[in-house]
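Colleague: Attaching a single structure in structure tokens format; questions to follow.
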Amino acid sequence: MAAARRGAFIGRHRELELFRQAVELPAGVEPPFAVLHVHGPGGIGKSALLRMYGDLARAAEATVVRVDGRDTPDPRAIRDAALAPVDGRPVLLVDAYELLGPLDGWVREELVPALPGDALTVLAGREPPTRGWLDDPAWRALSRVVGLGALDAGEAADLLAAADLPPGIRAEVLALARGHPLALTVAAELAAGPGNGGVVGPALLETLVPRLVDAAPTPRHLDALRVCASARTTTEALLRDVVPTDDGPDPGELFDWLRTRSWVETGDRGLVPHDLVRDVLVADLRWRDPVAAESLYQRLRDWTVARVRSASAGAREQAMLDLLFEFRHNPRMATWYDWSTFGLVRARPVEPDELPALREIVAGHVGTEAAGAVLAWVDEQPGGVVVIGDRGRVDGAMVSVSLHDASPQVLRADPLAARARDWARAQGLRPDHELTAVRFLAHREHAERRSPMQDVVSVRTIREAVTRPCLAFDMAITADPTFNGPLLEIIGFVRVPELDTVQGDRGTATYALDVRTRPSNTFSDVVGGPAPAPPPEPADAEVVRAALRDLHRPDRLAASPLATTGRASGDDVRAALLAAIDTLRADPRDARLHRVLDRTFVRPAGTQEKAADVLGLPFSTYRRHLAAATARVAELLAAVDRR
């Protein structure tokens, strides 16, 4: 059995060697430590490691006494077993020690001191050793503390080697389990089982949730637990504002309770749970109560958006990263962000001696000729040029520009930027409106694909929207629209086909986010900050929307508020709406908006879902176009009124 266990046991080489060196000393020789504290979250492998310790001890002809805290043993039974006369070195192995909390002082003050001088005691539990062990100089000298973490990627793969799983499923299990031994084992068993519809499911959650997380003593503790799993970092202030209030423990008590969990680390900005615990708790809540999950996410987003808008410049970047992190459970977002390294790389201004390296990256991505146009902005707006990488090394670069105050010289050097500015200005802007754009973004190795540069550009996009109250359009010029187009559309950008061009040998596309008519329920609406004030005297968009729904009912249109603005009848209102819709058809830039209105109201397809299908649009894109089209009709009606 010992040989079989050794063959199946993976990793923990340092922990095994530490114990081996002590237990293999000759009997009667005092080891370098008397107590070994092993701690880690449930399912991390503490019991398996104790079994290996037992095998090593028996191989060294020691006598092993094993105690399991889950059996709630009588202290007298523990004492009698531990102090019984033995041949060789006595080794006391205690599992689930966290359940013997009331006996901790007795173990420290009476049981262990009564053991022979060459004895070894291993206390394995979820919690680190208590202050009684750490504060006493004598026990500090006689103790060693080992915190068990996840297996590394190679060890996790070795653990799964015996599982008869297809490569794709094996990769899914590795990604899910994040090196956690219990999760690897259970997920592999479930994935290999009959009728498996996906690794994350009720069966996995039922197994892992109680093993990974201690039962929350009150509903308020459970709420705090879920907040901690969902937020990038958890502070007492976050708990105070996000956890629903009742007569239970206050935020300070909840924070202290979370801080003592074995799977929570204390960082510079707050509490950070183990990634596996995050995934399992969030998946459990989403499966158990989707409505409660969405309510929690919305409270978190509202709280974080408020911090983004109110934070000082120094704290704003972290708040923006916190906001982005809350979208990590959108499966499409995983295409662009590596959440395991999210926020670890920061952008910095480019240094003068790094310009050759910057030119190399730009030219390598868009060609030498286009590189000249991009780099013209370095002297024009140096604050918008940032890079990542150690000083003297440029691993990636972003060139972010303000088009509204660009000089004629830089626009002559960069015709694509000039065309983008002309297009935006043609959309009917006020004199104080601002236009911004990401002119270039690339990583040396990954180009525009998933890399830390995605973190950099996302923070920049939020910052522009939050810090520029008069921002009208934010634009993105990408030489990889196949990859980046879907992400930009998720967050509200729309492709501008007339700005498509070629840079070097790469097709380049330009996308625009119209902040003035930000649609609801999109990422851009969540992070966008206050939109600029609308043009003077616009028709109310909701009134126009209601009138469009009644387009073929002049009797109802006669009661519309639009009929009180100089239009005497429902027929007049209908004629004005149709004229505005026809105006959109006449302008190529608004043709897509005309088509949406045509199939929704003029020649209705029946339902919005059917209209989106007829138009060949994803429903989310259709809804954005519909909102923008309704806003344009409102603007056109207002313009007629002013005339």
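Going through the structure tokens in order, the chains are called A, B, and so on, while each chain numbers its residues from 1 and the ligands are numbered from 1 in the order shown.
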How close does each residue of region 71-130 of chain A get to region 14-31 of chain A, giving the shortest atom pair and distance in Å to one decimal for every residue with an atom at most 10 Å away, counting only C-alpha atoms, sorted by chain and residue number, as CSV?
Modeller:
```
residue,atom,partner,partner_atom,distance
A:Asp87,CA,A:Ala27,CA,8.9
A:Gly88,CA,A:Ala27,CA,5.5
A:Arg89,CA,A:Ala27,CA,5.3
A:Pro90,CA,A:Ala27,CA,9.1
A:Val91,CA,A:Val23,CA,8.4
A:Pro116,CA,A:Gly28,CA,8.7
A:Gly117,CA,A:Glu30,CA,5.9
A:Asp118,CA,A:Glu30,CA,4.3
A:Ala119,CA,A:Glu30,CA,7.5
A:Leu120,CA,A:Val23,CA,7.5
A:Val122,CA,A:Phe19,CA,9.4
```
Colleague: Please write the residues from the selection above to a file, keeping N, CA, C and O atoms, as a PDB file, in the first residue's frame.
Modeller:
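The result, written out as out-v2.pdb:
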```
ATOM      1  N   ASP A  87       8.556   1.553  20.678  1.00  0.00           N
ATOM      2  CA  ASP A  87       9.911   1.288  20.228  1.00  0.00           C
ATOM      3  C   ASP A  87      10.222   2.251  19.097  1.00  0.00           C
ATOM      4  O   ASP A  87       9.480   2.343  18.122  1.00  0.00           O
ATOM      5  N   GLY A  88      11.312   2.960  19.198  1.00  0.00           N
ATOM      6  CA  GLY A  88      11.658   3.926  18.160  1.00  0.00           C
ATOM      7  C   GLY A  88      11.045   5.287  18.435  1.00  0.00           C
ATOM      8  O   GLY A  88      10.474   5.565  19.491  1.00  0.00           O
ATOM      9  N   ARG A  89      11.162   6.131  17.435  1.00  0.00           N
ATOM     10  CA  ARG A  89      10.697   7.518  17.570  1.00  0.00           C
ATOM     11  C   ARG A  89       9.171   7.578  17.511  1.00  0.00           C
ATOM     12  O   ARG A  89       8.555   7.020  16.594  1.00  0.00           O
ATOM     13  N   PRO A  90       8.515   8.289  18.451  1.00  0.00           N
ATOM     14  CA  PRO A  90       7.059   8.484  18.342  1.00  0.00           C
ATOM     15  C   PRO A  90       6.733   9.624  17.375  1.00  0.00           C
ATOM     16  O   PRO A  90       7.369  10.685  17.411  1.00  0.00           O
ATOM     17  N   VAL A  91       5.768   9.384  16.504  1.00  0.00           N
ATOM     18  CA  VAL A  91       5.316  10.391  15.536  1.00  0.00           C
ATOM     19  C   VAL A  91       3.804  10.533  15.687  1.00  0.00           C
ATOM     20  O   VAL A  91       3.055   9.568  15.470  1.00  0.00           O
ATOM     21  N   PRO A 116       8.275  12.318  24.389  1.00  0.00           N
ATOM     22  CA  PRO A 116       9.728  12.176  24.459  1.00  0.00           C
ATOM     23  C   PRO A 116      10.444  13.252  23.638  1.00  0.00           C
ATOM     24  O   PRO A 116       9.877  13.834  22.698  1.00  0.00           O
ATOM     25  N   GLY A 117      11.695  13.518  23.958  1.00  0.00           N
ATOM     26  CA  GLY A 117      12.439  14.584  23.303  1.00  0.00           C
ATOM     27  C   GLY A 117      12.656  14.371  21.824  1.00  0.00           C
ATOM     28  O   GLY A 117      12.865  15.336  21.078  1.00  0.00           O
ATOM     29  N   ASP A 118      12.643  13.118  21.349  1.00  0.00           N
ATOM     30  CA  ASP A 118      12.862  12.868  19.916  1.00  0.00           C
ATOM     31  C   ASP A 118      11.557  12.733  19.141  1.00  0.00           C
ATOM     32  O   ASP A 118      11.560  12.370  17.963  1.00  0.00           O
ATOM     33  N   ALA A 119      10.425  13.016  19.776  1.00  0.00           N
ATOM     34  CA  ALA A 119       9.122  12.863  19.117  1.00  0.00           C
ATOM     35  C   ALA A 119       8.918  13.945  18.062  1.00  0.00           C
ATOM     36  O   ALA A 119       9.461  15.054  18.150  1.00  0.00           O
ATOM     37  N   LEU A 120       8.100  13.602  17.080  1.00  0.00           N
ATOM     38  CA  LEU A 120       7.669  14.551  16.051  1.00  0.00           C
ATOM     39  C   LEU A 120       6.149  14.634  16.075  1.00  0.00           C
ATOM     40  O   LEU A 120       5.463  13.607  16.115  1.00  0.00           O
ATOM     41  N   VAL A 122       2.872  16.432  13.958  1.00  0.00           N
ATOM     42  CA  VAL A 122       2.401  17.169  12.781  1.00  0.00           C
ATOM     43  C   VAL A 122       0.943  17.536  13.019  1.00  0.00           C
ATOM     44  O   VAL A 122       0.096  16.653  13.231  1.00  0.00           O
TER      45      VAL A 122
END
```
Colleague: Would you pick out the contacts of region 456-461 of chain A at 7 Å or less, using only C-alpha atoms, so that residues sharing its chain but fewer than 6 positions from it are not included, and give the list as an mmCIF file with N, CA and C atoms, in the first residue's frame?
Modeller:
```cif
data_model
loop_
_atom_site.group_PDB
_atom_site.id
_atom_site.type_symbol
_atom_site.label_atom_id
_atom_site.label_comp_id
_atom_site.auth_asym_id
_atom_site.auth_seq_id
_atom_site.Cartn_x
_atom_site.Cartn_y
_atom_site.Cartn_z
ATOM 1 N N GLU A 317 -6.754 54.210 -11.465
ATOM 2 C CA GLU A 317 -6.395 53.077 -12.318
ATOM 3 C C GLU A 317 -6.764 51.756 -11.659
ATOM 4 N N MET A 320 -10.426 51.237 -11.907
ATOM 5 C CA MET A 320 -10.828 50.828 -13.254
ATOM 6 C C MET A 320 -10.516 49.356 -13.491
ATOM 7 N N LEU A 321 -9.374 48.883 -13.000
ATOM 8 C CA LEU A 321 -9.060 47.463 -13.105
ATOM 9 C C LEU A 321 -10.065 46.629 -12.313
ATOM 10 N N ALA A 347 1.384 50.341 -17.619
ATOM 11 C CA ALA A 347 1.963 51.137 -18.698
ATOM 12 C C ALA A 347 2.762 52.297 -18.112
#
```
Colleague: To one decimal place in Å, what is the distance between CA of Ala406 (chain A) and CA of Ile361 (chain A)?
Modeller: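 About the pair CA of Ala406 (chain A) and CA of Ile361 (chain A): they are 23.6 Å apart.
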Colleague: Name the residues of region 120-303 of chain A that come out as alpha helix (DSSP H) in a backbone DSSP run; write them as a VMD selection string.
Modeller: chain A and resid 131 to 135 137 to 142 153 to 160 167 to 177 181 to 192 202 to 212 219 to 230 236 to 242 251 to 259 275 to 288 290 to 303
Colleague: Run DSSP on the backbone and grab whatever in region 51-276 of chain A lands in strand (DSSP E or B); send it over as a PyMOL selection string.
Modeller: chain A and resi 63-68+90-95+120-125+143-147+234+264-266+271-273
Colleague: Please produce a file of those selected residues containing N, CA, C and O atoms, as a short mmCIF file (atom, residue, chain, number, x, y, z; two decimals), in the first residue's frame.
Modeller:
```cif
data_model
loop_
_atom_site.label_atom_id
_atom_site.label_comp_id
_atom_site.auth_asym_id
_atom_site.auth_seq_id
_atom_site.Cartn_x
_atom_site.Cartn_y
_atom_site.Cartn_z
N THR A 63 7.16 4.87 15.40
CA THR A 63 5.80 4.44 15.74
C THR A 63 4.85 5.60 15.49
O THR A 63 5.02 6.70 16.02
N VAL A 64 3.83 5.35 14.66
CA VAL A 64 2.92 6.41 14.22
C VAL A 64 1.61 6.32 14.99
O VAL A 64 0.99 5.25 15.09
N VAL A 65 1.19 7.46 15.54
CA VAL A 65 -0.14 7.60 16.14
C VAL A 65 -0.89 8.64 15.33
O VAL A 65 -0.42 9.78 15.19
N ARG A 66 -2.02 8.25 14.79
CA ARG A 66 -2.79 9.16 13.93
C ARG A 66 -4.10 9.53 14.62
O ARG A 66 -4.83 8.67 15.11
N VAL A 67 -4.41 10.84 14.62
CA VAL A 67 -5.63 11.36 15.23
C VAL A 67 -6.37 12.18 14.17
O VAL A 67 -5.76 12.97 13.45
N ASP A 68 -7.69 11.97 14.06
CA ASP A 68 -8.51 12.73 13.10
C ASP A 68 -9.49 13.60 13.86
O ASP A 68 -10.36 13.10 14.59
N PRO A 90 8.51 8.29 18.45
CA PRO A 90 7.06 8.48 18.34
C PRO A 90 6.73 9.62 17.38
O PRO A 90 7.37 10.68 17.41
N VAL A 91 5.77 9.38 16.50
CA VAL A 91 5.32 10.39 15.54
C VAL A 91 3.80 10.53 15.69
O VAL A 91 3.05 9.57 15.47
N LEU A 92 3.35 11.72 16.08
CA LEU A 92 1.93 12.01 16.25
C LEU A 92 1.45 12.82 15.06
O LEU A 92 1.93 13.94 14.81
N LEU A 93 0.51 12.29 14.29
CA LEU A 93 -0.05 12.96 13.12
C LEU A 93 -1.51 13.31 13.42
O LEU A 93 -2.34 12.42 13.65
N VAL A 94 -1.83 14.60 13.41
CA VAL A 94 -3.18 15.07 13.73
C VAL A 94 -3.78 15.72 12.48
O VAL A 94 -3.27 16.72 11.99
N ASP A 95 -4.86 15.14 11.96
CA ASP A 95 -5.56 15.69 10.79
C ASP A 95 -6.77 16.49 11.25
O ASP A 95 -7.31 16.27 12.34
N LEU A 120 8.10 13.60 17.08
CA LEU A 120 7.67 14.55 16.05
C LEU A 120 6.15 14.63 16.08
O LEU A 120 5.46 13.61 16.11
N THR A 121 5.62 15.86 16.03
CA THR A 121 4.17 16.07 15.98
C THR A 121 3.84 16.89 14.74
O THR A 121 4.48 17.92 14.48
N VAL A 122 2.87 16.43 13.96
CA VAL A 122 2.40 17.17 12.78
C VAL A 122 0.94 17.54 13.02
O VAL A 122 0.10 16.65 13.23
N LEU A 123 0.65 18.83 13.02
CA LEU A 123 -0.71 19.35 13.19
C LEU A 123 -1.17 19.91 11.85
O LEU A 123 -0.67 20.95 11.40
N ALA A 124 -2.11 19.23 11.19
CA ALA A 124 -2.56 19.63 9.86
C ALA A 124 -3.99 20.12 9.93
O ALA A 124 -4.89 19.40 10.39
N GLY A 125 -4.25 21.34 9.48
CA GLY A 125 -5.59 21.90 9.50
C GLY A 125 -5.73 23.03 8.50
O GLY A 125 -4.78 23.39 7.80
N SER A 143 9.28 24.90 16.13
CA SER A 143 8.21 24.65 15.18
C SER A 143 8.65 25.00 13.76
O SER A 143 9.55 25.82 13.54
N ARG A 144 7.99 24.38 12.82
CA ARG A 144 8.09 24.75 11.41
C ARG A 144 6.66 24.89 10.88
O ARG A 144 5.77 24.14 11.29
N VAL A 145 6.44 25.84 9.98
CA VAL A 145 5.10 26.09 9.43
C VAL A 145 5.15 25.91 7.92
O VAL A 145 5.99 26.51 7.24
N VAL A 146 4.26 25.09 7.41
CA VAL A 146 4.18 24.82 5.97
C VAL A 146 2.77 25.15 5.50
O VAL A 146 1.79 24.58 6.01
N GLY A 147 2.66 26.08 4.56
CA GLY A 147 1.37 26.38 3.94
C GLY A 147 1.27 25.68 2.60
O GLY A 147 2.12 25.88 1.72
N THR A 234 -11.33 42.76 -1.52
CA THR A 234 -12.42 43.07 -0.59
C THR A 234 -11.89 43.89 0.57
O THR A 234 -10.90 43.52 1.20
N VAL A 264 -7.97 32.71 2.02
CA VAL A 264 -7.94 34.15 1.74
C VAL A 264 -6.56 34.70 2.10
O VAL A 264 -6.03 34.43 3.19
N GLU A 265 -5.97 35.45 1.19
CA GLU A 265 -4.70 36.13 1.45
C GLU A 265 -4.96 37.61 1.69
O GLU A 265 -5.89 38.20 1.12
N THR A 266 -4.14 38.21 2.53
CA THR A 266 -4.24 39.63 2.82
C THR A 266 -3.24 40.38 1.95
O THR A 266 -2.03 40.18 2.07
N LEU A 271 -8.51 41.93 0.83
CA LEU A 271 -8.50 40.47 0.89
C LEU A 271 -8.67 39.88 -0.50
O LEU A 271 -9.49 40.35 -1.30
N VAL A 272 -7.90 38.84 -0.79
CA VAL A 272 -7.92 38.20 -2.11
C VAL A 272 -8.08 36.70 -1.91
O VAL A 272 -7.21 36.06 -1.31
N PRO A 273 -9.16 36.09 -2.39
CA PRO A 273 -9.35 34.66 -2.21
C PRO A 273 -8.57 33.85 -3.24
O PRO A 273 -8.18 34.36 -4.30
#
```
Colleague: Would you list the contacts of region 469-478 of chain A as a list of chain:residue names, taking every protein, DNA or RNA residue within 6 Å and counting only C-alpha atoms, but skipping same-chain residues closer than 5 positions in sequence?
Modeller: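 Near neighbours after the sequence-gap exclusion: A:His433, A:Glu434, A:Leu435, A:Thr436, A:Ala437, A:Val438, A:Arg439, A:Thr508, A:Ala509, A:Thr510, A:Tyr511, A:Ala512, A:Leu513, A:Asp514, A:Val515, A:Arg516, A:Pro532.
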Colleague: Which residue gives the smallest distance to Val366 (chain A) among A:Arg328, A:Arg58, A:Arg506, A:Arg70, with only C-alpha atoms counted?
Modeller: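 Closest to Val366 (chain A) of all the choices is A:Arg506.
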Colleague: I'd like the contact shell of Leu296 (chain A) - 12 Å cut-off, only C-alpha atoms, skipping same-chain residues fewer than 6 positions apart - returned as JSON, numbers by chain.
Modeller: {"A": [223, 224, 225, 226, 227, 228, 229, 230, 231, 239, 241, 242, 243, 244, 282, 285, 286, 289, 290, 302, 303, 326]}
Colleague: For CA of Ala175 (chain A) and CA of Gly43 (chain A), quote the distance in Å rounded to one decimal.
Modeller: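 A separation of 17.0 Å between them.
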Colleague: Of the candidates A:Arg126, A:Arg595, A:Arg346, A:Arg178, which one gets nearest to Leu617 (chain A) if we count only C-alpha atoms?
Modeller: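 Result for the nearest residue to Leu617 (chain A): A:Arg595.
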Colleague: Kindly indicate which residue among A:Glu369, A:Gly570, A:His404, A:Glu498 lies nearest to Pro431 (chain A), using only C-alpha atoms for the distances.
Modeller: A:His404
Colleague: Neighbouring residues of Leu626 (chain A) were defined as those with any atom within 9 Å, considering only C-alpha atoms; residues of the same chain fewer than 6 positions away were excluded. Please report them as a list in words.
Modeller: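 Using only C-alpha atoms, the neighbours found are Leu593, Val596, Leu597 and Thr600 of chain A.
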Colleague: So which residues touch region 387-390 of chain A within 6 Å, counting only C-alpha atoms, skipping near sequence neighbours fewer than 6 positions away, as a compact mmCIF listing (two decimals) with C-alpha atoms, in the first residue's frame?
Modeller:
```txt
# COMPACT_ATOMS: atom_id res chain seq x y z
CA ALA A 347 1.96 51.14 -18.70
CA ARG A 348 4.55 53.91 -18.44
CA VAL A 350 7.98 56.08 -23.40
CA GLY A 396 4.22 46.65 -26.17
CA ALA A 397 2.96 50.11 -27.05
```
Colleague: In Å, how far is it from CA of Gly252 (chain A) to CA of Arg131 (chain A)?
Modeller: 20.6 Å
Colleague: If you count only C-alpha atoms, which residues fall within 10 Å of Asp505 (chain A), apart from same-chain ones fewer than 4 positions away, as JSON, numbers by chain?
Modeller: {"A": [365, 366, 367, 479]}
Colleague: Pick out the closest residue to Val107 (chain A) from this set: A:Val633, A:Val602, A:Val35, A:Leu148. Count only C-alpha atoms.
Modeller: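 Nearest to Val107 (chain A): A:Val35.
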